[in-house]
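Asker: The structure follows.
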Amino acid sequence: MKRTTATITVLALSALGLAACGRDSTEATASQTGSAVNTGEVKGELSMWAMGAEGDKLPELVKDFETANPGVKVNVTAVPWDAAHDKFKAAIAGNATPDVAMVGTTWMGEFGPDALDPTPPSIDKAAFFPGAWSTTEVGGTSYGVPWYVETRLIYYRTDLAKKAGINEAPTDWDGLKAMAKAMQDKAGAKWGIGLQPGGQGSWQGVLPFAWSAGANLTKDDGKAYNFDSPELTEALTYYQSFFKEGIADKAAPVQPTTDADFVSGKVPMFISGPWMITVVEAAAKGDDTFKDKYDVMLIPAKTESSSFVGGADLAVFKNTKNRDAAWKLVSFLTDPKVQAKWYGISTDLPSVQSAWEEGTLKSDAKLAKFGEQLKTAQAPPSFPTWEEVAGKFDTQVELVTKKGTDPAEALKQAQADADSIGTGE
């Protein structure tokens with residue numbers, strides 16, 4: 001559940017302004033030119049920060065980089081997710097940043113322009129999933145590269161679906177609701193689908209439907225938030241209907257029991273990321289047949305299927321003393337074969353599209369669907385204030401699902417909150 005924990009931690013932190021890194025104008029200009037990645041010999045030491053399980057497992061992969069570049073020593077520091085945001089802020093303010101770091105995708109808007117080195121133009125952005133690449137861009141400039149990605153699909157019990165008379169996964173909104181209702185009426189499920197009824201991070205449940213309805217979270221000029229659009233209103237109304245009609249539980253526990261409820265059949269559908277494959281199969285407690293009793297489906301479309309793209313980016317800090325080696329390390333970590341090997345170590349899904357043609361990623365049918373969804377998955381705006389604004393939106397989602405607040409009115413308030421907070425740019 002590492003991605004969920006990380007996201008909740010991130011959303012609990014306020015988005016604050018960052019001090020400049022103290023570089024003189026000559027240094028800044030040199031960085032902004034975005035010189036090509038050095039593919040030749042590099043030397044020296046590099047410091048790298050990585051959070052959570054990635055920080056613990058990365059040294060194993062870095063050994064390969066050091067072998068290929070014997071003049072370089074990489075020192076990896078594992079940083080707890082709940083301390084990372086403040087640690088980055090303090091390091092930037094004190095001009096004591098690492099050379100390279102793993103940066104949460106929703107942090108790029110806050111950190112990028114002040115602290116991070118622009119991405120060299122020699123790095124081919126077309127190699128990455130478009131939605132993942134967009135997480136690196138702030139004000140039209142990229143400040144890193146996607147490292148690993150995740151997106152959200154709908155997990156569903158195929159055996160219970162068949163019992164309910166459904167043999168194919170739905171592809172539209174009406175079909176999804178009909179399936180969820182049939183799970184209750186004909187397959188014995190208490191709830192048709194598990195949806196988050198507000199609270200921190202609930203925007204991640206709503207926005208896939210919004211994007212699938214064609215919503216754009218920024219105004220046409222790209223300089224302001226856009227919450228009170230017809231498309232987002234339609235999506236939130238649809239989301240609310242599951243709770244109003246008793247298909248989803250408005251009193252779902254704060255600490256989810258998703259895996260147990262899924263295995264028991266109490267809640268035979270839920271939305272989550274690829275890490276839940278391991279979780280639900282472990283919850284089946286040795287039932288080797290359970291992996292054949294469920295599947296995943298793309299987010300059903302109103303206009304086009306889409307979902308949330310998350311994960312983490314790799315960035316080089318402006319004040320690095322070894323820029324060539326730093327960017328060469330980033331390039332190494334995003335090589336397709338290295339990304340495939342990293343998946344074997346960490347189960348982090350590759351951000352580079354061609355890496356999906358390697359090994360398990362190509363042969364596993366469930367994983368392949370995550371790869372398919374990533375082609376259209378989208379990220380929230382990269383404004384520095386996104387996390388603060390998202391928290392306000394979460395509050396409105398909870399009023400809609402639990403109190404029955406009119407979605408249009410809730411989104412008017414979300415828009416007013418966003419306008420009051422501003423974009424931070």
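We name chains A, B, ... following the order of the structure tokens; residues begin at 1 in each chain, and ligands are numbered from 1 as shown.
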DSSP on the backbone, then: every residue of stretch 265-329 of chain A marked strand (DSSP E or B), written as a PyMOL selection string.

Answerer: chain A and resi 269-272+294-297+301+308-317

Asker: With a distance cut-off of 10 Å and only C-alpha atoms, select the neighbouring residues of A:Phe290, excluding the residue or stretch itself and same-chain residues fewer than 4 positions from it, and output the selection as a count of residues only.

Answerer: 11

Asker: With a distance cut-off of 10 Å and only C-alpha atoms, select the neighbouring residues of A:Ser420, excluding the residue or stretch itself and same-chain residues fewer than 5 positions from it, and output the selection as JSON, numbers by chain.

Answerer: {"A": [389, 414, 415]}

Asker: Once you count only C-alpha atoms, what closest atom pair and distance in Å to one decimal does each residue of stretch 347-389 of chain A within 8 Å of stretch 143-149 of chain A have, with rows by chain and rising residue number, as a tab-separated table?

Answerer:
residue	atom	partner	partner_atom	distance
A:Asp348	CA	A:Tyr148	CA	5.8
A:Leu349	CA	A:Val149	CA	5.4
A:Pro350	CA	A:Tyr148	CA	5.0
A:Ser351	CA	A:Tyr148	CA	4.9

Asker: Emit the selected residues as a PDB file, in the first residue's frame, including N, CA and C atoms.

Answerer:
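As written to disk, result16.pdb reads:
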ATOM      1  N   ASP A 348       7.856  -1.503  -9.162  1.00  0.00           N
ATOM      2  CA  ASP A 348       7.499  -0.181  -9.689  1.00  0.00           C
ATOM      3  C   ASP A 348       7.321  -0.279 -11.204  1.00  0.00           C
ATOM      4  N   LEU A 349       6.222   0.223 -11.710  1.00  0.00           N
ATOM      5  CA  LEU A 349       5.954   0.132 -13.136  1.00  0.00           C
ATOM      6  C   LEU A 349       6.792   1.142 -13.918  1.00  0.00           C
ATOM      7  N   PRO A 350       7.353   0.745 -15.057  1.00  0.00           N
ATOM      8  CA  PRO A 350       8.225   1.629 -15.833  1.00  0.00           C
ATOM      9  C   PRO A 350       7.504   2.833 -16.427  1.00  0.00           C
ATOM     10  N   SER A 351       8.184   3.958 -16.437  1.00  0.00           N
ATOM     11  CA  SER A 351       7.665   5.172 -17.070  1.00  0.00           C
ATOM     12  C   SER A 351       7.994   5.198 -18.556  1.00  0.00           C
TER      13      SER A 351
END

Asker: Would you compute the distance between atom CA of A:Val254 and atom CA of A:Ile421? Give it in Å to one decimal.

Answerer: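 Going from atom CA of A:Val254 over to atom CA of A:Ile421, I get 27.4 Å.
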
Asker: Kindly give the distance, in Å, that separates atom CA of A:Phe227 and atom CA of A:Gln255, rounded to a single decimal.

Answerer: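 Going from atom CA of A:Phe227 over to atom CA of A:Gln255, I get 28.1 Å.
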
Asker: Got a sec: who's within 10 Å of A:Val309, counting only C-alpha atoms, leaving out chain neighbours fewer than 4 positions off, as a list in words?

Answerer: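 In the requested form, the answer reads Thr105, Phe129, Pro130, Gly131, Ala132, Trp133, Ser134, Thr135, Val149, Glu150, Thr151, Arg152, Gln204, Pro208, Gly273, Gln373, Leu374, Lys375, Thr376, Ala377, Gln378, Ala379 and Pro380 of chain A.
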
Asker: Kindly give the distance, in Å, that separates atom CA of A:Thr423 and atom CA of A:Pro381, rounded to a single decimal.

Answerer: 9.3 Å

Asker: Could you give me, as a PyMOL selection string, the residues within 10 Å of A:Ala53, counting only C-alpha atoms and dropping anything in the same chain fewer than 6 positions from it?

Answerer: chain A and resi 2+78-81+346

Asker: Just checking: using only C-alpha atoms, which residue out of A:Ser272, A:Asn95, A:Ser382, A:Gln196 ends up closest to A:Gly140?

Answerer: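 For A:Gly140, the nearest of the given residues is A:Ser382.
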
Asker: Which residue gives the smallest distance to A:Gln240 among A:Pro70, A:Gly104, A:Gly198, A:Gly359, with only C-alpha atoms counted?

Answerer: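 Closest to A:Gln240, using only C-alpha atoms: A:Gly198.
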
Asker: I'd like to know which of A:Ala312, A:Ala340, A:Leu207, A:Val138 is closest to A:Pro384, using only C-alpha atoms.

Answerer: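 When distances to A:Pro384 are compared using only C-alpha atoms, the smallest one comes from A:Val138.
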
Asker: From the options A:Lys177, A:Lys266, A:Lys412, A:Lys402, which residue's atoms come nearest to A:Pro300, counting only C-alpha atoms?

Answerer: A:Lys177
